[in-house]
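Source file protein-v3.tsv; content: TSV, C-alpha atoms.
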chain	number	residue	atom	x	y	z
P	1	MET	CA	38.91	48.87	-41.87
P	2	ARG	CA	41.71	46.50	-40.98
P	3	ARG	CA	42.01	48.08	-37.57
P	4	SER	CA	38.29	47.64	-36.84
P	5	ILE	CA	38.43	43.93	-37.74
P	6	PHE	CA	41.39	43.56	-35.44
P	7	ALA	CA	39.48	45.37	-32.65
P	8	ALA	CA	36.50	43.09	-33.17
P	9	LEU	CA	38.69	39.98	-32.92
P	10	ILE	CA	40.39	41.35	-29.81
P	11	SER	CA	37.05	42.09	-28.15
P	12	LEU	CA	35.74	38.65	-29.10
P	13	GLY	CA	38.51	37.00	-27.08
P	14	PRO	CA	37.24	37.87	-23.59
P	15	CYS	CA	33.69	36.94	-24.56
P	16	LEU	CA	34.79	33.47	-25.66
P	17	ALA	CA	36.90	33.06	-22.57
P	18	ALA	CA	33.98	34.11	-20.37
P	19	GLY	CA	31.72	31.73	-22.24
P	20	VAL	CA	34.10	28.86	-21.63
P	21	ILE	CA	34.41	29.78	-17.94
P	22	PHE	CA	30.66	30.13	-17.47
P	23	ALA	CA	30.00	26.91	-19.32
P	24	GLN	CA	32.35	25.09	-16.95
P	25	ASP	CA	30.78	26.76	-13.97
P	26	ALA	CA	27.21	25.99	-15.01
P	27	PRO	CA	26.03	22.84	-13.22
P	28	ARG	CA	25.66	20.05	-15.73
P	29	LEU	CA	22.74	18.44	-13.96
P	30	ARG	CA	21.91	16.25	-16.91
P	31	GLY	CA	25.42	14.90	-17.40
P	32	PRO	CA	28.04	15.42	-20.10
P	33	GLU	CA	25.78	14.49	-23.04
P	34	PRO	CA	24.22	17.40	-24.99
P	35	PHE	CA	20.54	17.94	-24.35
P	36	THR	CA	19.68	16.89	-27.87
P	37	LYS	CA	20.81	13.36	-27.16
P	38	GLU	CA	18.63	10.96	-25.25
P	39	THR	CA	20.48	9.32	-22.39
P	40	PRO	CA	19.42	6.29	-20.37
P	41	ALA	CA	17.91	7.08	-17.01
P	42	PRO	CA	20.23	6.57	-14.06
P	43	PRO	CA	19.41	3.60	-11.83
P	44	MET	CA	16.97	4.18	-8.99
P	45	SER	CA	18.78	5.18	-5.84
P	46	ARG	CA	18.08	3.28	-2.65
P	47	PRO	CA	16.41	4.89	0.33
P	48	ILE	CA	18.41	5.34	3.52
P	49	THR	CA	16.55	3.51	6.25
P	50	ASP	CA	19.00	3.41	9.15
P	51	ASP	CA	16.70	5.31	11.53
P	52	VAL	CA	19.60	7.51	12.66
P	53	ARG	CA	18.63	11.12	13.12
P	54	VAL	CA	20.48	13.44	10.76
P	55	MET	CA	21.88	16.71	12.07
P	56	ARG	CA	20.10	19.80	10.80
P	57	ASN	CA	22.28	22.10	8.73
P	58	TYR	CA	20.66	25.15	10.33
P	59	PRO	CA	18.32	25.35	13.31
P	60	ASP	CA	15.05	25.75	11.47
P	61	GLN	CA	15.77	23.20	8.76
P	62	PRO	CA	12.94	20.68	8.52
P	63	PRO	CA	14.54	17.46	9.77
P	64	VAL	CA	14.97	14.80	7.10
P	65	ILE	CA	13.29	11.40	7.33
P	66	PRO	CA	15.71	8.57	8.20
P	67	HIS	CA	13.40	5.77	7.06
P	68	ALA	CA	11.58	4.64	3.91
P	69	ILE	CA	8.16	6.13	3.30
P	70	ASP	CA	7.17	4.00	0.30
P	71	GLY	CA	3.45	3.48	0.15
P	72	TYR	CA	2.65	5.79	3.03
P	73	ALA	CA	-0.81	7.27	2.68
P	74	MET	CA	-0.71	11.04	2.34
P	75	ASP	CA	-3.98	12.40	1.08
P	76	LEU	CA	-7.18	13.99	2.25
P	77	ASN	CA	-8.36	10.75	3.83
P	78	ALA	CA	-5.31	9.58	5.68
P	79	ASN	CA	-1.87	10.70	6.84
P	80	LYS	CA	0.35	7.77	7.70
P	81	CYS	CA	3.13	9.92	9.18
P	82	MET	CA	0.81	11.07	11.92
P	83	SER	CA	0.20	7.48	13.01
P	84	CYS	CA	3.62	7.65	14.68
P	85	HIS	CA	4.59	11.31	14.90
P	86	ALA	CA	1.34	12.74	16.29
P	87	ARG	CA	1.58	13.68	19.95
P	88	LYS	CA	-0.77	10.95	21.11
P	89	PHE	CA	1.10	8.16	19.33
P	90	THR	CA	4.67	9.06	20.26
P	91	GLU	CA	4.76	6.88	23.35
P	92	GLN	CA	3.94	3.67	21.52
P	93	SER	CA	5.99	4.58	18.46
P	94	GLN	CA	8.95	6.28	20.22
P	95	ALA	CA	9.06	8.60	17.21
P	96	PRO	CA	9.81	12.31	17.59
P	97	MET	CA	6.67	14.40	17.97
P	98	ILE	CA	5.89	16.90	15.25
P	99	SER	CA	7.14	20.35	16.22
P	100	VAL	CA	4.91	22.66	18.25
P	101	THR	CA	4.92	25.05	15.30
P	102	HIS	CA	2.80	22.48	13.51
P	103	TYR	CA	-0.02	23.14	15.94
P	104	GLN	CA	-0.17	26.83	14.98
P	105	ASP	CA	-1.88	28.53	12.11
P	106	ARG	CA	-0.01	31.18	10.18
P	107	ALA	CA	-1.31	33.95	12.45
P	108	GLY	CA	0.39	32.21	15.36
P	109	ASN	CA	-2.82	30.99	16.99
P	110	THR	CA	-2.38	27.63	18.68
P	111	LEU	CA	-4.77	25.00	17.34
P	112	GLY	CA	-6.03	21.78	18.89
P	113	GLY	CA	-4.48	19.59	16.23
P	114	LEU	CA	-2.20	19.53	13.22
P	115	SER	CA	-2.48	22.77	11.29
P	116	PRO	CA	-3.90	22.21	7.78
P	117	ARG	CA	-0.98	24.15	6.26
P	118	ARG	CA	1.40	21.59	7.82
P	119	TYR	CA	-0.63	18.57	6.76
P	120	VAL	CA	1.46	17.47	3.79
P	121	CYS	CA	4.61	16.40	5.62
P	122	VAL	CA	6.65	15.67	2.49
P	123	SER	CA	6.40	19.28	1.34
P	124	CYS	CA	9.27	19.96	3.73
P	125	HIS	CA	10.43	16.64	5.21
P	126	VAL	CA	11.98	14.25	2.76
P	127	SER	CA	13.51	10.82	3.03
P	128	GLN	CA	17.09	10.41	1.86
P	129	THR	CA	18.67	8.18	-0.73
P	130	ASN	CA	22.22	7.10	-1.46
P	131	ALA	CA	22.27	9.18	-4.67
P	132	LYS	CA	25.53	11.07	-5.24
P	133	PRO	CA	25.22	14.87	-5.50
P	134	LEU	CA	25.28	16.03	-9.11
P	135	VAL	CA	27.20	19.17	-8.24
P	136	GLU	CA	29.55	19.90	-5.39
P	137	ASN	CA	27.82	21.27	-2.32
P	138	VAL	CA	29.55	24.41	-1.05
P	139	PHE	CA	27.23	24.90	1.91
P	140	THR	CA	29.05	26.22	4.96
P	141	ASP	CA	27.72	25.53	8.40
P	142	MET	CA	26.64	28.62	10.31
P	143	ASP	CA	28.94	27.79	13.22
P	144	ALA	CA	31.95	27.62	10.92
P	145	MET	CA	31.24	31.16	9.74
P	146	THR	CA	30.32	32.81	13.04
P	147	GLU	CA	32.78	31.08	15.34
P	148	PRO	CA	35.55	29.71	13.15
P	149	GLU	CA	37.97	29.66	16.07
P	150	ARG	CA	35.80	27.19	17.95
P	151	GLN	CA	35.62	24.71	15.11
P	152	PRO	CA	37.93	21.70	15.25
P	153	GLU	CA	38.74	22.19	11.60
P	154	ARG	CA	38.51	25.45	9.68
P	155	GLY	CA	36.61	25.96	6.51
P	156	ARG	CA	34.00	23.78	4.94
P	157	ARG	CA	32.35	20.87	6.67
F	1	MET	CA	-50.36	-33.99	16.54
F	2	ALA	CA	-49.69	-37.67	15.71
F	3	ALA	CA	-52.63	-37.65	13.32
F	4	GLY	CA	-51.22	-34.53	11.64
F	5	ILE	CA	-47.82	-36.15	11.18
F	6	SER	CA	-49.29	-39.34	9.76
F	7	ARG	CA	-51.46	-37.28	7.39
F	8	ALA	CA	-48.41	-35.34	6.19
F	9	TRP	CA	-46.48	-38.60	5.78
F	10	GLY	CA	-49.36	-40.06	3.80
F	11	TRP	CA	-49.44	-37.03	1.53
F	12	PHE	CA	-45.69	-37.27	1.10
F	13	ARG	CA	-45.76	-40.96	0.15
F	14	GLY	CA	-48.74	-40.37	-2.08
F	15	ASN	CA	-46.96	-37.71	-4.13
F	16	PRO	CA	-46.28	-39.22	-7.62
F	17	TRP	CA	-42.71	-37.79	-7.75
F	18	VAL	CA	-41.85	-39.30	-4.39
F	19	ARG	CA	-43.46	-42.62	-5.38
F	20	THR	CA	-41.35	-42.76	-8.54
F	21	ALA	CA	-38.21	-41.82	-6.66
F	22	LEU	CA	-38.71	-44.50	-4.02
F	23	SER	CA	-39.66	-47.38	-6.33
F	24	PRO	CA	-36.86	-49.63	-7.69
F	25	PRO	CA	-35.74	-48.96	-11.27
F	26	THR	CA	-37.74	-50.75	-13.90
F	27	TYR	CA	-35.39	-50.51	-16.92
F	28	LEU	CA	-31.94	-49.36	-15.71
F	29	SER	CA	-29.45	-51.84	-14.35
F	30	LEU	CA	-27.88	-51.59	-10.91
F	31	ALA	CA	-24.41	-51.33	-12.49
F	32	PHE	CA	-25.48	-48.43	-14.68
F	33	LEU	CA	-26.98	-46.62	-11.74
F	34	THR	CA	-24.05	-47.11	-9.36
F	35	LEU	CA	-21.25	-46.51	-11.89
F	36	GLY	CA	-23.21	-43.79	-13.65
F	37	GLY	CA	-23.93	-42.17	-10.31
F	38	PHE	CA	-20.26	-42.34	-9.42
F	39	LEU	CA	-19.24	-40.79	-12.75
F	40	ALA	CA	-21.88	-38.12	-12.49
F	41	GLY	CA	-20.61	-37.36	-9.00
F	42	VAL	CA	-17.04	-37.04	-10.25
F	43	ILE	CA	-18.15	-34.75	-13.06
F	44	PHE	CA	-20.33	-32.68	-10.76
F	45	TRP	CA	-17.70	-32.33	-8.04
F	46	GLY	CA	-14.91	-31.63	-10.49
F	47	GLY	CA	-17.05	-29.11	-12.30
F	48	PHE	CA	-18.01	-27.46	-9.05
F	49	ASN	CA	-14.42	-27.10	-7.92
F	50	THR	CA	-13.26	-25.95	-11.34
F	51	ALA	CA	-15.93	-23.28	-11.36
F	52	LEU	CA	-15.03	-22.34	-7.79
F	53	GLU	CA	-11.36	-22.03	-8.67
F	54	TYR	CA	-12.24	-19.98	-11.73
F	55	THR	CA	-13.97	-17.46	-9.47
F	56	ASN	CA	-10.72	-17.35	-7.48
F	57	THR	CA	-8.59	-15.83	-10.24
F	58	GLU	CA	-7.42	-12.29	-10.80
F	59	LYS	CA	-8.99	-12.42	-14.26
F	60	PHE	CA	-12.39	-13.21	-12.82
F	61	CYS	CA	-12.16	-10.61	-10.04
F	62	THR	CA	-11.17	-7.85	-12.41
F	63	GLY	CA	-13.74	-8.99	-14.95
F	64	CYS	CA	-16.25	-6.50	-13.60
F	65	HIS	CA	-15.44	-2.87	-14.00
F	66	GLU	CA	-16.02	-2.00	-10.34
F	67	MET	CA	-12.95	-4.01	-9.37
F	68	GLN	CA	-10.98	-3.23	-12.53
F	69	ALA	CA	-11.36	0.55	-12.36
F	70	ASN	CA	-11.07	1.06	-8.61
F	71	VAL	CA	-9.32	-1.45	-6.41
F	72	PHE	CA	-7.25	-3.21	-9.07
F	73	GLU	CA	-5.87	0.08	-10.39
F	74	GLU	CA	-4.87	0.99	-6.85
F	75	LEU	CA	-3.21	-2.35	-6.23
F	76	LYS	CA	-0.95	-1.85	-9.25
F	77	GLY	CA	1.28	0.69	-7.55
F	78	THR	CA	1.89	-1.36	-4.43
F	79	ILE	CA	4.56	-3.84	-3.43
F	80	HIS	CA	2.04	-6.67	-3.46
F	81	PHE	CA	1.69	-6.26	-7.23
F	82	THR	CA	5.27	-5.79	-8.45
F	83	ASN	CA	8.40	-6.17	-6.40
F	84	ARG	CA	12.01	-7.26	-6.61
F	85	SER	CA	11.35	-10.97	-6.10
F	86	GLY	CA	8.43	-11.20	-8.53
F	87	VAL	CA	5.87	-12.68	-6.16
F	88	ARG	CA	2.39	-11.29	-6.63
F	89	ALA	CA	-0.49	-11.43	-4.21
F	90	HIS	CA	-3.59	-11.89	-6.35
F	91	CYS	CA	-7.01	-10.72	-5.18
F	92	PRO	CA	-8.13	-14.03	-3.58
F	93	ASP	CA	-4.81	-14.46	-1.76
F	94	CYS	CA	-5.93	-11.74	0.62
F	95	HIS	CA	-9.69	-11.68	0.21
F	96	VAL	CA	-10.69	-15.37	0.12
F	97	PRO	CA	-9.80	-17.81	2.92
F	98	HIS	CA	-7.72	-20.73	1.63
F	99	GLU	CA	-9.29	-23.33	3.90
F	100	TRP	CA	-12.29	-25.06	2.33
F	101	THR	CA	-15.12	-24.44	4.82
F	102	ASN	CA	-14.28	-20.79	5.26
F	103	LYS	CA	-13.81	-20.43	1.54
F	104	ILE	CA	-17.32	-21.68	0.86
F	105	ALA	CA	-18.68	-19.41	3.59
F	106	ARG	CA	-16.94	-16.43	2.01
F	107	LYS	CA	-18.16	-17.41	-1.43
F	108	MET	CA	-21.72	-17.51	-0.14
F	109	GLN	CA	-21.29	-14.05	1.33
F	110	ALA	CA	-19.96	-12.94	-2.04
F	111	SER	CA	-23.37	-13.60	-3.58
F	112	LYS	CA	-24.25	-10.24	-2.04
F	113	GLU	CA	-21.53	-8.73	-4.20
F	114	VAL	CA	-23.13	-10.23	-7.31
F	115	TRP	CA	-26.34	-8.52	-6.23
F	116	GLY	CA	-24.42	-5.26	-5.82
F	117	HIS	CA	-22.92	-5.67	-9.29
F	118	ILE	CA	-26.28	-6.36	-10.94
F	119	PHE	CA	-27.97	-3.42	-9.27
F	120	GLY	CA	-24.95	-1.13	-9.63
F	121	SER	CA	-24.34	-0.24	-6.00
F	122	ILE	CA	-20.78	0.93	-6.75
F	123	ASP	CA	-20.87	1.25	-10.54
F	124	THR	CA	-19.48	4.80	-10.57
F	125	ARG	CA	-16.33	6.18	-8.96
F	126	ASP	CA	-18.39	8.49	-6.75
F	127	LYS	CA	-20.58	5.66	-5.51
F	128	PHE	CA	-17.49	3.59	-4.84
F	129	LEU	CA	-15.81	6.38	-2.87
F	130	ALA	CA	-18.97	6.92	-0.85
F	131	MET	CA	-19.05	3.21	0.04
F	132	ARG	CA	-15.31	2.81	0.54
F	133	LYS	CA	-15.27	3.20	4.29
F	134	HIS	CA	-18.03	0.61	4.69
F	135	LEU	CA	-16.29	-1.81	2.34
F	136	ALA	CA	-12.93	-1.32	4.03
F	137	GLU	CA	-14.38	-1.74	7.49
F	138	ARG	CA	-15.89	-5.08	6.50
F	139	GLU	CA	-12.50	-6.36	5.37
F	140	TRP	CA	-10.72	-4.98	8.45
F	141	GLU	CA	-13.26	-6.66	10.69
F	142	ARG	CA	-12.96	-9.96	8.85
F	143	MET	CA	-9.16	-9.92	9.06
F	144	LYS	CA	-9.17	-8.90	12.69
F	145	ALA	CA	-11.58	-11.73	13.49
F	146	ASN	CA	-9.38	-14.38	11.85
F	147	ASP	CA	-6.13	-12.89	13.24
F	148	SER	CA	-5.05	-11.67	9.79
F	149	LEU	CA	-5.01	-15.23	8.48
F	150	GLU	CA	-4.66	-14.16	4.84
F	151	CYS	CA	-1.57	-12.09	5.68
F	152	ARG	CA	-0.11	-15.00	7.59
F	153	ASN	CA	-0.61	-17.42	4.72
F	154	CYS	CA	2.56	-15.81	3.38
F	155	HIS	CA	3.99	-13.73	6.22
F	156	SER	CA	4.22	-16.00	9.23
F	157	SER	CA	5.66	-14.63	12.44
F	158	GLU	CA	7.65	-17.86	12.92
F	159	SER	CA	9.63	-17.25	9.76
F	160	MET	CA	10.04	-13.52	10.36
F	161	ASP	CA	13.68	-12.66	11.04
F	162	LEU	CA	13.70	-9.54	13.18
F	163	THR	CA	17.43	-9.05	12.73
F	164	LYS	CA	16.84	-8.51	9.02
F	165	GLN	CA	14.31	-5.76	9.70
F	166	ASN	CA	15.24	-2.23	10.46
F	167	PRO	CA	15.27	-1.54	14.21
F	168	ARG	CA	12.08	0.46	14.13
F	169	ALA	CA	10.08	-2.33	12.48
F	170	ALA	CA	11.71	-4.98	14.65
F	171	SER	CA	10.82	-3.28	17.90
F	172	ALA	CA	7.26	-2.63	16.75
F	173	HIS	CA	6.81	-6.28	15.77
F	174	GLU	CA	8.39	-7.48	18.99
F	175	ARG	CA	6.15	-5.28	21.07
F	176	PHE	CA	2.83	-5.65	19.28
F	177	LEU	CA	2.91	-8.71	17.03
F	178	PHE	CA	4.78	-11.27	19.13
F	179	SER	CA	2.97	-10.27	22.29
F	180	GLY	CA	-0.30	-10.92	20.49
F	181	GLU	CA	-1.47	-7.47	21.43
F	182	ARG	CA	-2.23	-6.61	17.83
F	183	THR	CA	-2.68	-8.41	14.56
F	184	CYS	CA	-1.28	-7.44	11.16
F	185	ILE	CA	-4.28	-5.47	9.95
F	186	ASP	CA	-4.31	-3.25	13.05
F	187	CYS	CA	-1.23	-1.40	11.81
F	188	HIS	CA	-0.98	-2.37	8.12
F	189	LYS	CA	-4.16	-0.87	6.72
F	190	GLY	CA	-4.21	0.50	3.21
F	191	ILE	CA	-1.17	-1.42	2.01
F	192	ALA	CA	-2.84	-2.67	-1.14
F	193	HIS	CA	-5.58	-0.12	-1.80
F	194	ARG	CA	-6.09	3.55	-1.02
F	195	LEU	CA	-7.63	4.36	2.32
F	196	PRO	CA	-11.06	5.78	3.11
F	197	ASP	CA	-11.45	8.74	5.44
F	198	MET	CA	-9.53	7.45	8.48
F	199	SER	CA	-10.93	9.82	11.07
F	200	GLY	CA	-12.12	7.80	14.03
F	201	VAL	CA	-10.12	4.69	13.09
F	202	PRO	CA	-7.82	3.61	15.96
F	203	GLY	CA	-4.19	4.44	15.30
F	204	TRP	CA	-5.03	7.15	12.79
F	205	GLN	CA	-5.58	10.78	13.33

With the file now loaded, output its structure as structure tokens.
Amino acid sequence: MRRSIFAALISLGPCLAAGVIFAQDAPRLRGPEPFTKETPAPPMSRPITDDVRVMRNYPDQPPVIPHAIDGYAMDLNANKCMSCHARKFTEQSQAPMISVTHYQDRAGNTLGGLSPRRYVCVSCHVSQTNAKPLVENVFTDMDAMTEPERQPERGRR
Amino acid sequence: MAAGISRAWGWFRGNPWVRTALSPPTYLSLAFLTLGGFLAGVIFWGGFNTALEYTNTEKFCTGCHEMQANVFEELKGTIHFTNRSGVRAHCPDCHVPHEWTNKIARKMQASKEVWGHIFGSIDTRDKFLAMRKHLAEREWERMKANDSLECRNCHSSESMDLTKQNPRAASAHERFLFSGERTCIDCHKGIAHRLPDMSGVPGWQ
């Protein structure tokens, strides 16, 4: 009897330790307060509007939007993004043209215009804000993994 | 011809209302008539302008449900309704010319809108959506014709500081606005209300 209680206590130890470790590891996206407590909303973050193209983290990443898109029409009637990024408007707008993949349907057939499945730009392309990441980003660039010797600095970033 | 005119003149002078109107007053004094006329004029003109200004308020515009349920609801989410500096563009700021002659002309056109309200031409959401392109095109045309005057009542190009704009906006304004090639409404459509089907509208695809 006494021995079994002792065994139970001993076996409880690793579980508690694991619980503590996992709890620390779990991303606390909603901050340190317990979920039962109502916390004030964080202030609105400001959009980044410097118009500087951001490097893609991998070749087929949808490029992010370096300008504000507040109030841009994006519905069945109108698509404001295409007023600059459509092929025919790129000369006057000097904006990058939407990718050629956007003129293909999912079977790979080339279409005359923007493919309906690509119509809602903000499904993939998003504008950026100055919000701080809630958890640390451990993303490693592909080049750093495949050709570490050619990177100026080893490891992350 | 001359006989016809003189006959018409005779009939005109013979009309009892005209005869009364043209004869000097029998009972009322000259002072009463001049001062009274002046006062009546003040009251009439003041009343006219007060009524006119009343029709130029957000409360009046959104008094009918067509405006309240459609365009006013859509305005609420935009920067012309709430913004960091607390300046609001009310309905007439954009839709009624501020200058008197043009204001009266626009108000006379608006009698058509009273007709539309009475006979319910856009009294449901579906009817409104079906008419939206027509309604929008009328406003675009009006603003294009007056070089976006209602925009410029607040946003003048003289007081626009390009260095404070982001480079993209600055170069677009430099190229299209300052050269006079385009006017505000050519690029800034749908900034206060949702857009109709834009297929076929220049600059949209």

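If you look at atom CA of His80 of chain F and atom CA of Pro97 of chain F, they are 17.5 Å away from each other.
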
Gap from atom CA of Ile104 of chain F to atom CA of Asn49 of chain F - Å, one decimal: 10.7 Å

With the cut-off set at 12 Å and counting all atoms listed in the file, tabulate each residue of chain P with an atom at most that distance from an atom of chain F, showing the nearest atom pair and its distance in Å to one decimal, ordered by chain and increasing number, as a Markdown table.
| residue | atom | partner | partner_atom | distance |
| --- | --- | --- | --- | --- |
| P:Ile48 | CA | F:Asn166 | CA | 10.7 |
| P:Thr49 | CA | F:Asn166 | CA | 7.2 |
| P:Asp50 | CA | F:Asn166 | CA | 6.9 |
| P:Asp51 | CA | F:Arg168 | CA | 7.2 |
| P:Val52 | CA | F:Pro167 | CA | 10.2 |
| P:Pro66 | CA | F:Arg168 | CA | 10.7 |
| P:His67 | CA | F:Asn166 | CA | 8.9 |
| P:Ala68 | CA | F:Asn166 | CA | 10.2 |
| P:Asp70 | CA | F:Thr78 | CA | 8.9 |
| P:Gly71 | CA | F:Thr78 | CA | 6.8 |
| P:Tyr72 | CA | F:Ile191 | CA | 8.2 |
| P:Ala73 | CA | F:Leu195 | CA | 7.4 |
| P:Met74 | CA | F:Leu195 | CA | 9.6 |
| P:Asp75 | CA | F:Leu195 | CA | 8.9 |
| P:Leu76 | CA | F:Asp197 | CA | 7.5 |
| P:Asn77 | CA | F:Asp197 | CA | 4.0 |
| P:Ala78 | CA | F:Met198 | CA | 5.5 |
| P:Asn79 | CA | F:Gln205 | CA | 7.5 |
| P:Lys80 | CA | F:Trp204 | CA | 7.4 |
| P:Cys81 | CA | F:Trp204 | CA | 9.3 |
| P:Met82 | CA | F:Gln205 | CA | 6.6 |
| P:Ser83 | CA | F:Trp204 | CA | 5.2 |
| P:Cys84 | CA | F:Gly203 | CA | 8.5 |
| P:His85 | CA | F:Gln205 | CA | 10.3 |
| P:Ala86 | CA | F:Gln205 | CA | 7.8 |
| P:Arg87 | CA | F:Gln205 | CA | 10.2 |
| P:Lys88 | CA | F:Gln205 | CA | 9.1 |
| P:Phe89 | CA | F:Gly203 | CA | 7.6 |
| P:Thr90 | CA | F:Gly203 | CA | 11.2 |
| P:Glu91 | CA | F:Ala172 | CA | 11.8 |
| P:Gln92 | CA | F:Ala172 | CA | 8.6 |
| P:Ser93 | CA | F:Ala172 | CA | 7.5 |
| P:Gln94 | CA | F:Arg168 | CA | 9.0 |
| P:Ala95 | CA | F:Arg168 | CA | 9.2 |
| P:Gly113 | CA | F:Gln205 | CA | 9.3 |
| P:Leu114 | CA | F:Gln205 | CA | 9.4 |
| P:Tyr119 | CA | F:Gln205 | CA | 11.3 |

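Between Thr140 of chain P and the residues P:Pro152, P:Glu33, P:Glu38, P:Asn57, the shortest atom-to-atom distance, using all atoms listed in the file, involves P:Asn57.
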
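With all atoms listed in the file as the atoms that count, the residue of P:Ser123, P:Thr110, P:Ser115, P:Thr39 with the shortest distance to Pro62 of chain P is P:Ser123.
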
Separation of atom CA of Met97 of chain P from atom CA of Tyr58 of chain P in Å: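 Separating atom CA of Tyr58 of chain P from atom CA of Met97 of chain P is a distance of 19.2 Å.
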
Protein, DNA and RNA residues within 12 Å of (-15.4, -7.6, -11.9), all atoms listed in the file, as a count of residues only: 27
